[in-house]
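The file entry24.tsv contains TSV, C-alpha atoms:
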```
chain	number	residue	atom	x	y	z
A	13	MET	CA	14.08	-79.87	-31.51
A	14	ASP	CA	15.39	-78.78	-34.91
A	15	ASP	CA	16.48	-81.32	-37.49
A	16	ILE	CA	20.16	-82.11	-37.93
A	17	PRO	CA	21.66	-79.37	-40.15
A	18	ARG	CA	22.77	-81.40	-43.16
A	19	ASP	CA	24.84	-78.54	-44.59
A	20	ARG	CA	27.19	-78.95	-41.62
A	21	LEU	CA	27.70	-82.65	-42.29
A	22	SER	CA	29.58	-84.58	-44.94
A	23	GLY	CA	29.88	-88.06	-46.42
A	24	PRO	CA	27.64	-90.79	-45.00
A	25	LEU	CA	26.43	-88.50	-42.21
A	26	ARG	CA	24.29	-86.57	-44.70
A	27	ARG	CA	22.03	-89.58	-45.24
A	28	GLY	CA	19.99	-89.04	-42.10
A	29	ALA	CA	19.16	-92.73	-41.69
A	30	VAL	CA	21.16	-95.74	-40.62
A	31	LYS	CA	20.68	-99.36	-41.68
A	32	LYS	CA	20.63	-101.16	-38.37
A	33	HIS	CA	20.86	-104.95	-38.25
A	34	VAL	CA	17.99	-106.64	-36.49
A	35	ALA	CA	20.36	-108.38	-34.09
A	36	ALA	CA	21.95	-105.09	-33.07
A	37	ILE	CA	18.56	-103.56	-32.43
A	38	HIS	CA	17.40	-106.42	-30.27
A	39	VAL	CA	20.48	-106.73	-28.12
A	40	SER	CA	20.86	-103.06	-27.26
A	41	GLY	CA	17.94	-102.87	-24.86
A	42	LYS	CA	20.10	-102.13	-21.82
A	43	LEU	CA	21.55	-98.98	-23.30
A	44	THR	CA	20.64	-95.57	-21.94
A	45	LEU	CA	18.90	-93.12	-24.26
A	46	LEU	CA	22.15	-91.28	-24.98
A	47	GLN	CA	24.05	-94.52	-25.59
A	48	ARG	CA	21.37	-95.80	-27.95
A	49	LYS	CA	21.45	-92.58	-29.99
A	50	LEU	CA	25.24	-92.64	-29.94
A	51	SER	CA	25.41	-96.22	-31.24
A	52	ASN	CA	23.15	-95.33	-34.18
A	53	VAL	CA	25.21	-92.30	-35.22
A	54	LEU	CA	28.49	-94.21	-34.95
A	55	LEU	CA	27.05	-96.96	-37.11
A	56	LEU	CA	25.84	-94.48	-39.71
A	57	ASN	CA	29.29	-92.92	-39.88
A	58	ALA	CA	31.03	-96.28	-40.26
A	59	TYR	CA	28.52	-98.18	-42.39
A	60	ASP	CA	30.17	-97.85	-45.81
A	61	THR	CA	33.50	-99.18	-44.54
A	62	LEU	CA	32.35	-101.53	-41.79
A	63	THR	CA	34.02	-104.60	-43.29
A	64	SER	CA	36.87	-102.89	-45.14
A	65	GLN	CA	38.32	-100.72	-42.35
A	66	ALA	CA	39.47	-101.84	-38.95
A	67	SER	CA	38.58	-98.53	-37.28
A	68	HIS	CA	36.53	-95.42	-37.94
A	69	GLN	CA	36.81	-91.74	-37.04
A	70	MET	CA	34.36	-88.92	-36.43
A	71	ASP	CA	34.61	-85.35	-35.20
A	72	ALA	CA	33.54	-85.38	-31.56
A	73	ARG	CA	31.53	-82.16	-31.72
A	74	THR	CA	29.69	-83.35	-34.82
A	75	LEU	CA	28.94	-86.54	-32.93
A	76	CYS	CA	27.43	-84.53	-30.06
A	77	LEU	CA	25.42	-82.44	-32.54
A	78	MET	CA	23.88	-85.49	-34.18
A	79	ILE	CA	22.72	-87.09	-30.94
A	80	GLY	CA	21.24	-83.81	-29.75
A	81	TYR	CA	23.80	-83.42	-26.98
A	82	ASN	CA	24.89	-79.78	-27.05
A	83	SER	CA	27.03	-79.77	-23.96
A	84	ASN	CA	30.79	-79.30	-23.91
A	85	ASP	CA	30.97	-81.87	-21.12
A	86	MET	CA	33.16	-84.50	-22.77
A	87	ASP	CA	33.00	-86.60	-19.60
A	88	THR	CA	29.42	-87.53	-20.45
A	89	LEU	CA	30.44	-88.53	-23.96
A	90	LYS	CA	33.31	-90.60	-22.55
A	91	ALA	CA	30.95	-92.35	-20.17
A	92	SER	CA	28.58	-93.19	-23.01
A	93	LEU	CA	31.39	-94.58	-25.17
A	94	ARG	CA	32.61	-96.61	-22.20
A	95	GLY	CA	29.11	-97.99	-21.80
A	96	LEU	CA	29.05	-99.16	-25.44
A	97	ALA	CA	32.42	-100.86	-25.03
A	98	GLU	CA	31.23	-102.58	-21.84
A	99	THR	CA	27.87	-103.71	-23.23
A	100	VAL	CA	27.82	-107.27	-24.53
A	101	ALA	CA	25.78	-107.77	-27.69
A	102	GLU	CA	24.22	-111.18	-27.98
A	103	TRP	CA	22.22	-112.19	-31.04
A	104	ASP	CA	20.19	-115.36	-30.85
A	105	MET	CA	16.74	-114.27	-31.92
A	106	LEU	CA	14.47	-112.88	-34.63
A	107	ASP	CA	16.46	-113.94	-37.67
A	108	ALA	CA	14.51	-112.60	-40.68
A	109	GLU	CA	14.63	-116.02	-42.36
A	110	GLY	CA	13.50	-117.87	-39.27
A	111	LYS	CA	16.89	-119.49	-38.67
A	112	GLN	CA	18.42	-119.61	-35.23
A	113	GLU	CA	21.85	-118.04	-34.89
A	114	TRP	CA	23.78	-117.20	-31.76
A	115	GLY	CA	26.71	-114.84	-31.35
A	116	VAL	CA	28.22	-112.50	-28.80
A	117	SER	CA	30.41	-109.40	-29.00
A	118	ALA	CA	31.00	-106.07	-27.30
A	119	LEU	CA	29.12	-103.29	-29.11
A	120	LEU	CA	32.42	-101.45	-29.56
A	121	SER	CA	35.78	-103.20	-29.39
A	122	TYR	CA	37.39	-99.88	-28.41
A	123	ALA	CA	36.85	-96.12	-28.50
A	124	LYS	CA	39.14	-93.17	-27.89
A	125	LEU	CA	39.01	-89.37	-28.00
A	126	LYS	CA	42.07	-87.47	-29.14
A	127	GLY	CA	42.45	-83.99	-30.62
A	128	GLY	CA	38.69	-83.56	-30.93
A	129	ILE	CA	38.35	-86.81	-32.90
A	130	CYS	CA	36.46	-89.90	-31.80
A	131	GLU	CA	38.06	-93.11	-33.06
A	132	TYR	CA	36.30	-96.43	-32.57
A	133	ALA	CA	36.04	-99.99	-33.90
A	134	TYR	CA	33.74	-102.99	-34.04
A	135	SER	CA	34.75	-106.60	-33.71
A	136	PRO	CA	34.96	-108.34	-37.13
A	137	ALA	CA	32.06	-110.66	-36.27
A	138	LEU	CA	29.76	-107.82	-35.22
A	139	ALA	CA	30.85	-105.65	-38.15
A	140	GLU	CA	29.81	-108.41	-40.53
A	141	LYS	CA	26.39	-108.61	-38.87
A	142	LEU	CA	25.90	-104.86	-38.84
A	143	HIS	CA	26.74	-104.63	-42.53
A	144	ASP	CA	24.39	-107.40	-43.65
A	145	PRO	CA	22.06	-105.67	-46.18
A	146	LYS	CA	19.44	-108.44	-46.05
A	147	VAL	CA	18.32	-107.90	-42.47
A	148	PHE	CA	18.11	-104.35	-41.25
A	149	ALA	CA	15.83	-101.62	-40.00
A	150	LEU	CA	16.24	-98.02	-41.08
A	151	ILE	CA	16.51	-95.72	-38.09
A	152	ASN	CA	15.92	-92.05	-38.87
A	153	LEU	CA	18.32	-89.90	-36.90
A	154	ASN	CA	16.10	-86.81	-36.95
A	155	ILE	CA	13.39	-88.91	-35.33
A	156	GLN	CA	15.65	-90.48	-32.70
A	157	ARG	CA	16.82	-87.00	-31.57
A	158	ARG	CA	13.23	-86.24	-30.53
A	159	PHE	CA	12.98	-89.10	-28.05
A	160	THR	CA	13.42	-88.34	-24.37
A	161	SER	CA	13.03	-91.92	-23.10
A	162	GLY	CA	15.37	-94.80	-23.80
A	163	HIS	CA	12.48	-97.27	-23.46
A	164	ALA	CA	10.46	-95.35	-26.05
A	165	LEU	CA	13.37	-95.31	-28.51
A	166	ALA	CA	13.92	-99.03	-27.89
A	167	LEU	CA	10.25	-99.71	-28.63
A	168	TYR	CA	10.43	-97.60	-31.80
A	169	GLU	CA	13.51	-99.44	-33.06
A	170	ASN	CA	11.97	-102.83	-32.39
A	171	CYS	CA	8.67	-101.92	-34.04
A	172	TYR	CA	9.75	-99.87	-37.02
A	173	ARG	CA	11.12	-102.75	-39.09
A	174	PHE	CA	7.63	-104.32	-39.03
A	175	VAL	CA	5.85	-101.23	-40.38
A	176	ARG	CA	5.23	-102.88	-43.76
A	177	THR	CA	3.69	-106.00	-42.21
A	178	GLY	CA	1.63	-104.02	-39.71
A	179	SER	CA	2.49	-106.07	-36.63
A	180	THR	CA	5.51	-107.21	-34.66
A	181	GLY	CA	4.09	-110.69	-34.13
A	182	TRP	CA	3.81	-112.13	-30.65
A	183	TRP	CA	6.71	-111.67	-28.23
A	184	SER	CA	6.83	-113.50	-24.91
A	185	LEU	CA	6.95	-111.12	-21.96
A	186	ASP	CA	10.43	-112.43	-21.14
A	187	LEU	CA	11.64	-111.47	-24.61
A	188	PHE	CA	9.90	-108.09	-24.45
A	189	ARG	CA	11.53	-107.30	-21.11
A	190	ARG	CA	14.91	-108.12	-22.68
A	191	LEU	CA	14.21	-105.83	-25.62
A	192	MET	CA	13.34	-103.01	-23.22
A	193	GLY	CA	16.43	-103.66	-21.11
A	194	VAL	CA	14.57	-104.47	-17.89
A	195	ALA	CA	14.96	-108.26	-17.81
A	196	ASP	CA	17.18	-108.07	-14.71
A	197	SER	CA	14.65	-106.12	-12.63
A	198	PRO	CA	12.29	-108.24	-10.48
A	199	TYR	CA	9.94	-105.23	-10.29
A	200	TYR	CA	9.02	-105.62	-13.96
A	201	GLU	CA	8.25	-109.32	-13.68
A	202	THR	CA	4.77	-108.16	-12.70
A	203	TYR	CA	2.84	-107.15	-15.82
A	204	LYS	CA	0.99	-104.40	-13.95
A	205	HIS	CA	4.29	-102.66	-13.21
A	206	LEU	CA	5.67	-103.33	-16.70
A	207	ASN	CA	2.57	-101.86	-18.31
A	208	ALA	CA	2.39	-98.78	-16.10
A	209	LYS	CA	6.06	-97.84	-16.10
A	210	ILE	CA	7.35	-99.11	-19.45
A	211	ILE	CA	4.66	-99.98	-22.01
A	212	LYS	CA	2.18	-97.11	-21.62
A	213	PRO	CA	4.77	-94.27	-21.43
A	214	ALA	CA	6.82	-95.74	-24.30
A	215	VAL	CA	3.76	-96.19	-26.54
A	216	ALA	CA	2.63	-92.63	-25.80
A	217	GLU	CA	6.02	-91.17	-26.75
A	218	VAL	CA	6.38	-93.26	-29.91
A	219	ASN	CA	2.93	-92.18	-31.09
A	220	LYS	CA	3.61	-88.53	-30.28
A	221	THR	CA	7.19	-88.33	-31.51
A	222	SER	CA	7.73	-90.70	-34.41
A	223	ASN	CA	6.44	-91.52	-37.87
A	224	ILE	CA	4.52	-94.60	-36.69
A	225	VAL	CA	1.61	-95.31	-34.37
A	226	VAL	CA	1.81	-98.48	-32.26
A	227	THR	CA	-1.01	-100.23	-30.41
A	228	PRO	CA	-0.20	-102.97	-27.87
A	229	GLU	CA	-2.19	-106.20	-27.66
A	230	VAL	CA	-1.72	-108.93	-25.06
A	231	ARG	CA	-2.38	-112.65	-24.91
A	232	LYS	CA	-3.27	-114.34	-21.64
A	233	MET	CA	-3.19	-117.76	-20.08
A	234	GLY	CA	-5.91	-117.62	-17.49
A	235	ARG	CA	-5.52	-114.24	-15.82
A	236	SER	CA	-1.80	-113.91	-16.49
A	237	VAL	CA	-0.45	-111.99	-19.48
A	238	THR	CA	2.03	-114.21	-21.33
A	239	ASP	CA	2.69	-112.46	-24.66
A	240	ILE	CA	2.53	-109.03	-26.24
A	241	ARG	CA	2.53	-107.69	-29.78
A	242	PHE	CA	2.22	-104.25	-31.33
A	243	GLN	CA	0.02	-103.29	-34.26
A	244	ILE	CA	1.85	-100.69	-36.35
A	245	ALA	CA	0.56	-98.01	-38.71
A	246	GLU	CA	2.12	-94.94	-40.27
A	247	ASN	CA	1.52	-91.73	-38.37
A	248	PRO	CA	-0.22	-89.43	-40.89
A	249	GLN	CA	0.55	-86.31	-38.86
A	250	LEU	CA	4.27	-86.99	-38.63
A	251	ALA	CA	4.91	-88.98	-41.79
A	252	ILE	CA	6.99	-86.07	-43.07
A	253	LEU	CA	9.67	-87.33	-40.70
A	254	ASP	CA	9.79	-90.65	-42.53
A	255	LEU	CA	13.04	-91.95	-43.95
A	256	ASP	CA	12.22	-91.15	-47.55
A	257	ASP	CA	11.34	-87.57	-46.71
A	258	GLY	CA	12.83	-85.29	-49.33
A	259	GLU	CA	14.81	-87.98	-51.11
A	260	GLY	CA	12.93	-87.48	-54.39
A	261	ILE	CA	13.44	-83.73	-54.24
A	262	ARG	CA	17.09	-84.13	-53.30
A	263	ASN	CA	17.70	-86.11	-56.48
A	264	SER	CA	16.36	-83.33	-58.71
A	265	GLU	CA	18.47	-80.91	-60.77
A	266	ILE	CA	16.64	-77.88	-59.30
A	267	TYR	CA	17.49	-78.96	-55.75
A	268	ALA	CA	21.15	-79.35	-56.73
A	269	ARG	CA	21.20	-75.85	-58.27
A	270	LEU	CA	19.69	-74.34	-55.13
A	271	ARG	CA	22.22	-76.07	-52.91
A	272	GLU	CA	25.11	-74.89	-55.10
A	273	LEU	CA	23.96	-71.32	-54.48
A	274	GLY	CA	24.02	-71.85	-50.72
A	275	VAL	CA	20.34	-72.54	-50.04
A	276	SER	CA	19.90	-74.81	-47.01
A	277	ASP	CA	18.60	-78.35	-47.39
A	278	ARG	CA	15.31	-77.62	-45.63
A	279	LEU	CA	14.67	-74.38	-47.52
A	280	ALA	CA	15.53	-75.95	-50.89
A	281	ARG	CA	13.10	-78.81	-50.26
A	282	GLN	CA	10.45	-76.39	-49.04
A	283	TRP	CA	10.73	-74.17	-52.12
A	284	VAL	CA	10.58	-77.07	-54.57
A	285	ALA	CA	7.67	-78.70	-52.76
A	286	GLU	CA	5.74	-75.43	-52.43
A	287	HIS	CA	6.33	-73.90	-55.85
A	288	GLY	CA	7.17	-76.85	-58.09
A	289	GLU	CA	10.40	-77.49	-60.00
A	290	ALA	CA	9.36	-75.54	-63.10
A	291	TYR	CA	8.59	-72.33	-61.20
A	292	VAL	CA	11.75	-72.51	-59.08
A	293	GLY	CA	13.77	-73.26	-62.22
A	294	GLN	CA	12.40	-70.14	-63.89
A	295	LYS	CA	13.44	-67.99	-60.95
A	296	LEU	CA	16.90	-69.57	-60.88
A	297	ASP	CA	17.33	-68.74	-64.56
A	298	TYR	CA	16.10	-65.21	-63.93
A	299	VAL	CA	18.52	-64.63	-61.04
A	300	ALA	CA	21.39	-66.17	-63.02
A	301	GLY	CA	20.78	-63.66	-65.80
A	302	GLN	CA	20.95	-60.61	-63.55
A	303	GLY	CA	24.69	-60.65	-62.92
A	304	GLY	CA	26.51	-59.24	-59.91
A	305	VAL	CA	24.08	-60.71	-57.36
A	306	LYS	CA	25.76	-60.66	-53.96
A	307	ASN	CA	23.09	-62.45	-51.91
A	308	ALA	CA	21.76	-65.16	-54.20
A	309	VAL	CA	19.67	-66.85	-51.51
A	310	GLY	CA	17.88	-63.64	-50.56
A	311	TYR	CA	17.39	-62.70	-54.20
A	312	ILE	CA	15.88	-66.10	-55.07
A	313	SER	CA	13.57	-65.84	-52.06
A	314	LYS	CA	12.24	-62.49	-53.30
A	315	ALA	CA	12.02	-63.77	-56.87
A	316	LEU	CA	9.85	-66.66	-55.72
A	317	LYS	CA	7.67	-64.50	-53.50
A	318	HIS	CA	7.13	-61.66	-55.96
A	319	ASP	CA	7.31	-63.65	-59.21
A	320	TYR	CA	10.25	-61.71	-60.65
A	321	GLY	CA	10.74	-62.07	-64.36
A	322	ASN	CA	7.08	-62.38	-65.37
A	323	PRO	CA	5.89	-59.77	-67.90
A	324	HIS	CA	4.05	-56.79	-66.46
A	325	PRO	CA	0.39	-57.04	-67.55
A	326	LYS	CA	0.41	-53.43	-68.79
A	327	ASP	CA	3.80	-52.47	-70.14
A	328	GLY	CA	5.20	-55.90	-70.96
A	329	GLN	CA	8.44	-55.21	-69.09
A	330	GLY	CA	9.99	-57.45	-66.48
A	331	VAL	CA	8.94	-56.77	-62.91
A	332	SER	CA	11.53	-54.71	-61.07
A	333	PRO	CA	13.01	-56.54	-58.09
A	334	ARG	CA	13.04	-53.27	-56.16
A	335	ASN	CA	9.42	-52.49	-56.93
A	336	PRO	CA	7.59	-55.77	-57.31
A	337	VAL	CA	4.09	-55.40	-58.70
A	338	PRO	CA	1.49	-56.71	-56.24
A	339	PRO	CA	-0.96	-59.28	-57.59
A	340	THR	CA	-4.01	-57.65	-59.17
A	341	SER	CA	-6.40	-60.43	-60.18
A	342	PRO	CA	-8.63	-62.07	-57.55
A	343	ARG	CA	-6.99	-65.43	-58.24
A	344	ALA	CA	-3.49	-63.99	-57.89
A	345	ARG	CA	-4.43	-62.31	-54.61
A	346	ARG	CA	-5.80	-65.58	-53.25
A	347	LEU	CA	-2.65	-67.44	-54.29
A	348	ALA	CA	-0.48	-64.80	-52.65
A	349	ARG	CA	-2.50	-65.05	-49.44
A	350	ILE	CA	-2.24	-68.86	-49.43
A	351	ARG	CA	1.51	-68.62	-49.95
A	352	ASP	CA	1.79	-66.17	-47.05
A	353	LEU	CA	-0.36	-68.33	-44.78
A	354	ALA	CA	1.75	-71.40	-45.55
A	355	ALA	CA	5.02	-69.50	-45.05
A	356	ALA	CA	3.85	-68.22	-41.66
A	357	ARG	CA	3.37	-71.75	-40.33
A	358	LYS	CA	6.12	-73.51	-38.41
A	359	PRO	CA	8.09	-76.02	-40.55
A	360	THR	CA	6.55	-79.04	-38.83
A	361	HIS	CA	3.04	-77.59	-39.25
A	362	ARG	CA	3.71	-76.78	-42.91
A	363	ASP	CA	4.66	-80.39	-43.57
A	364	ALA	CA	1.63	-81.70	-41.67
A	365	ASP	CA	-0.68	-79.33	-43.59
A	366	LYS	CA	0.48	-80.74	-46.90
A	367	LEU	CA	0.12	-84.32	-45.74
A	368	LEU	CA	-3.36	-83.64	-44.42
A	369	PHE	CA	-4.41	-82.10	-47.74
A	370	LEU	CA	-2.72	-84.84	-49.76
A	371	ALA	CA	-4.79	-87.44	-47.92
A	372	ARG	CA	-7.90	-85.95	-49.57
A	373	LEU	CA	-6.56	-86.29	-53.11
A	374	GLU	CA	-6.32	-89.12	-55.60
A	375	GLY	CA	-4.96	-89.69	-59.09
A	376	SER	CA	-4.09	-86.67	-61.22
A	377	LEU	CA	-5.18	-84.23	-58.51
A	378	ARG	CA	-2.66	-85.74	-56.11
A	379	ASP	CA	0.06	-85.76	-58.77
A	380	ASP	CA	-0.53	-82.08	-59.59
A	381	PHE	CA	-0.36	-81.07	-55.93
A	382	GLU	CA	2.85	-83.06	-55.42
A	383	ARG	CA	4.38	-81.17	-58.36
A	384	HIS	CA	3.10	-77.66	-57.63
A	385	GLY	CA	2.16	-77.62	-53.96
A	386	TRP	CA	-0.29	-74.93	-52.89
A	387	MET	CA	-0.01	-73.32	-56.33
A	388	SER	CA	-1.66	-76.37	-57.95
A	389	ALA	CA	-4.18	-75.07	-60.49
A	390	LEU	CA	-6.15	-78.33	-60.61
A	391	ASN	CA	-6.76	-78.13	-56.86
A	392	ALA	CA	-7.35	-74.36	-56.61
A	393	ASP	CA	-10.89	-74.56	-55.20
A	394	ALA	CA	-10.06	-77.38	-52.79
A	395	ILE	CA	-6.92	-75.55	-51.61
A	396	LEU	CA	-8.92	-72.38	-50.96
A	397	ALA	CA	-11.50	-74.35	-48.98
A	398	PHE	CA	-8.76	-76.09	-47.01
A	399	TRP	CA	-7.11	-72.83	-45.94
A	400	GLU	CA	-10.46	-71.21	-45.15
A	401	GLU	CA	-11.11	-74.15	-42.86
A	402	LEU	CA	-7.63	-73.92	-41.33
A	403	SER	CA	-7.62	-70.10	-41.01
A	404	PRO	CA	-11.25	-68.85	-40.82
A	405	GLY	CA	-11.62	-65.33	-42.19
A	406	ALA	CA	-8.21	-65.29	-43.84
A	407	PHE	CA	-9.68	-64.34	-47.21
A	408	ASP	CA	-12.53	-62.05	-46.10
A	409	ASP	CA	-10.70	-58.88	-47.07
A	410	LEU	CA	-10.08	-60.17	-50.61
A	411	GLU	CA	-13.76	-60.52	-51.51
```

Re-express the file's structure as structure tokens.
Amino acid sequence: MDDIPRDRLSGPLRRGAVKKHVAAIHVSGKLTLLQRKLSNVLLLNAYDTLTSQASHQMDARTLCLMIGYNSNDMDTLKASLRGLAETVAEWDMLDAEGKQEWGVSALLSYAKLKGGICEYAYSPALAEKLHDPKVFALINLNIQRRFTSGHALALYENCYRFVRTGSTGWWSLDLFRRLMGVADSPYYETYKHLNAKIIKPAVAEVNKTSNIVVTPEVRKMGRSVTDIRFQIAENPQLAILDLDDGEGIRNSEIYARLRELGVSDRLARQWVAEHGEAYVGQKLDYVAGQGGVKNAVGYISKALKHDYGNPHPKDGQGVSPRNPVPPTSPRARRLARIRDLAAARKPTHRDADKLLFLARLEGSLRDDFERHGWMSALNADAILAFWEELSPGAFDDLE
């Protein structure tokens, strides 16, 4: 599934991650997958004004887009909103400071659809809890769209806030069943059934889909399992989906200039990460000096690919955009091939490739690769070896 297209969103929806209060995470176990995704998006939309506005509004079609629900069937959306309004949130557990607090509220005090707009509200007590900046977990909305199981998403939400400590700590099985929303089912009172139908499938999906890897451990009294905890580590293959993904690049001047010209969020981040800010900045200056450019995005893409604006090695003139000069030196040909190999990969694979290579680097080598990507001069030999390993024979014709 593709990421949420940020250029179609505005305001708080562009953040891509929602601060979700621990209490809200732990009481929403009974929600369906669609309802759980819906509650996260509604919270993201309302977060900035949770305590200052009595109600909040959101375009209904944008709401469907962000939860990965592409149907025009508004009845399903209505049913999900009704489910949130009918679900009682009870917080009496897992206070971050170890203090016991109890409270109860409907997840939504009301919701309505009118003229293509979804309007909704939280009770004042729940709004205050949801807005508490001291106790929250960040839920990445691009990640949650990838889940196909409500139990897996529930496990991810309950584990992710412990990623820095590496473990959830021990939960009693009764508490765990509540977190997974199956406390009312006698079938899951048997650990064998709970493990086969809930734990194993949920762990498998979290590890495959998200930016963390979880490993369950159990504690027994005699032969009976009494408690469970999850060891948590970052997923190196999918860490690109992490909440801070792209935030550094998005704060740069070069990224802002690309976006002003109509370059998409993903493409702007890809160009800056692959070529480095200095190189992209040079091409932006070059394109800006041409005048009368009708398709700036296409022009910048060609300028980056063919290195427009660099002096011709023979005549000293700028390279013509209509007749770009192919690379002539062995090093330039290798760099061009690496760039083409990287560009041919799917976006998810491109991100994973970089993370895999980064894991081999330290110190100044790592810093140079983070600045210049595959064009990093300090890592030229290592980069060549990496791509030869990834694509055997890719450089044979250049020897």

CA of Leu138 (chain A) to CA of Ser51 (chain A): how many Å, to one decimal?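 Computing the Euclidean distance for CA of Leu138 (chain A) and CA of Ser51 (chain A) yields 13.0 Å.
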
From the options A:Val116, A:Met192, A:Ala101, A:Ile312, which residue's atoms come nearest to Cys171 (chain A), counting all atoms listed in the file?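 Result for the nearest residue to Cys171 (chain A): A:Met192.
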
Can you find the residues with an atom no farther than 10 Å from (35.8, -102.3, -42.5), counting only C-alpha atoms, and report them as JSON, numbers by chain? {"A": [58, 59, 60, 61, 62, 63, 64, 65, 66, 67, 68, 133, 134, 135, 136, 139, 140, 143]}

Residue list as a PyMOL selection string for point (21.1, -73.6, -58.7), cut-off 12 Å, all atoms listed in the file: chain A and resi 264-276+280+284+289+292-300+308-309+312

Please list as a PyMOL selection string every residue within 12 Å of Leu370 (chain A), counting all atoms listed in the file and excluding residues in the same chain fewer than 3 positions away. chain A and resi 248-249+251-252+363-367+373-383+385-386+388+391+394-395+398

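For the pair CA of Ala371 (chain A) and CA of Arg346 (chain A), the interatomic distance is 22.5 Å.
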
If you measure from CA of Ser117 (chain A) to CA of Glu98 (chain A), what distance in Å do you get, rounded to one decimal?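 So the two atoms, CA of Ser117 (chain A) and CA of Glu98 (chain A), lie 9.9 Å apart.
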
Point out the residue among A:Thr177, A:Gln302, A:Gln282, A:Gln47 with the least atom-to-atom distance to Leu316 (chain A), counting only C-alpha atoms. A:Gln282

Counting all atoms listed in the file, the option among A:Leu54, A:Ile244, A:Arg345, A:His163 closest to Ile210 (chain A):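 Closest residue, counting all atoms listed in the file: A:His163.
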
Box for region 224-239 of chain A - axis-aligned, 6 Å on each of the six sides, all listed atoms - centre and size in Å to one decimal, as lines of an AutoDock Vina configuration file.
```
center_x = -0.7
center_y = -106.2
center_z = -26.3
size_x = 22.4
size_y = 35.2
size_z = 32.9
```

From the set A:Leu206, A:Met86, A:Ala315, A:Leu46, which residue has the shortest atom-to-atom contact distance to Ser161 (chain A), counting only C-alpha atoms?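 So, comparing all the options, the nearest one is A:Leu46.
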
For Gly127 (chain A): contacts at 12 Å, all atoms listed in the file, fewer than 3 positions along chain excluded, given as a list in words: Gln69, Met70, Asp71, Ala72, Arg73, Lys124, Cys130 and Glu131 of chain A

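In terms of minimum interatomic distance to Val225 (chain A), A:Val175 ranks closest within A:Val175, A:Ala208, A:Leu353, A:Ala123, counting only C-alpha atoms.
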
May I have the residues within 8 Å of Met387 (chain A) as a PDB file with C-alpha atoms, keeping the file's coordinate frame, using only C-alpha atoms and disregarding those fewer than 6 positions away in the same chain?
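As a result, selection.pdb now contains:
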```pdb
ATOM      1  CA  GLU A 286       5.740 -75.430 -52.430  1.00  0.00           C
ATOM      2  CA  HIS A 287       6.330 -73.900 -55.850  1.00  0.00           C
ATOM      3  CA  LEU A 347      -2.650 -67.440 -54.290  1.00  0.00           C
ATOM      4  CA  PHE A 381      -0.360 -81.070 -55.930  1.00  0.00           C
TER       5      PHE A 381
END
```

With distances taken over all atoms listed in the file, which residue among A:Thr99, A:Thr74, A:Gly303, A:Lys314 lies nearest Ile129 (chain A)? A:Thr74

Write out as a list in words which residues come within 12 Å of Ile211 (chain A) when counting only C-alpha atoms, dropping same-chain ones fewer than 5 positions away.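 These residues fall inside the cut-off: Ser161, His163, Ala164, Leu165, Ala166, Leu167, Tyr168, Leu185, Phe188, Arg189, Leu191, Met192, Val194, Tyr200, Tyr203, Lys204, His205, Leu206, Ala216, Glu217, Val218, Val226, Thr227, Pro228, Glu229, Val230, Ile240, Arg241 and Phe242 of chain A.
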
List as a Markdown table every residue of region 150-201 of chain A that is in contact with region 234-239 of chain A, defined as an atom at most 8 Å from one of its atoms (using all atoms listed in the file), together with the nearest atom pair and the distance in Å rounded to one decimal, sorted by chain and then rising number.
```
| residue | atom | partner | partner_atom | distance |
| --- | --- | --- | --- | --- |
| A:Trp182 | CA | A:Asp239 | CA | 6.1 |
| A:Trp183 | CA | A:Asp239 | CA | 5.4 |
| A:Ser184 | CA | A:Asp239 | CA | 4.3 |
| A:Leu185 | CA | A:Asp239 | CA | 5.2 |
```
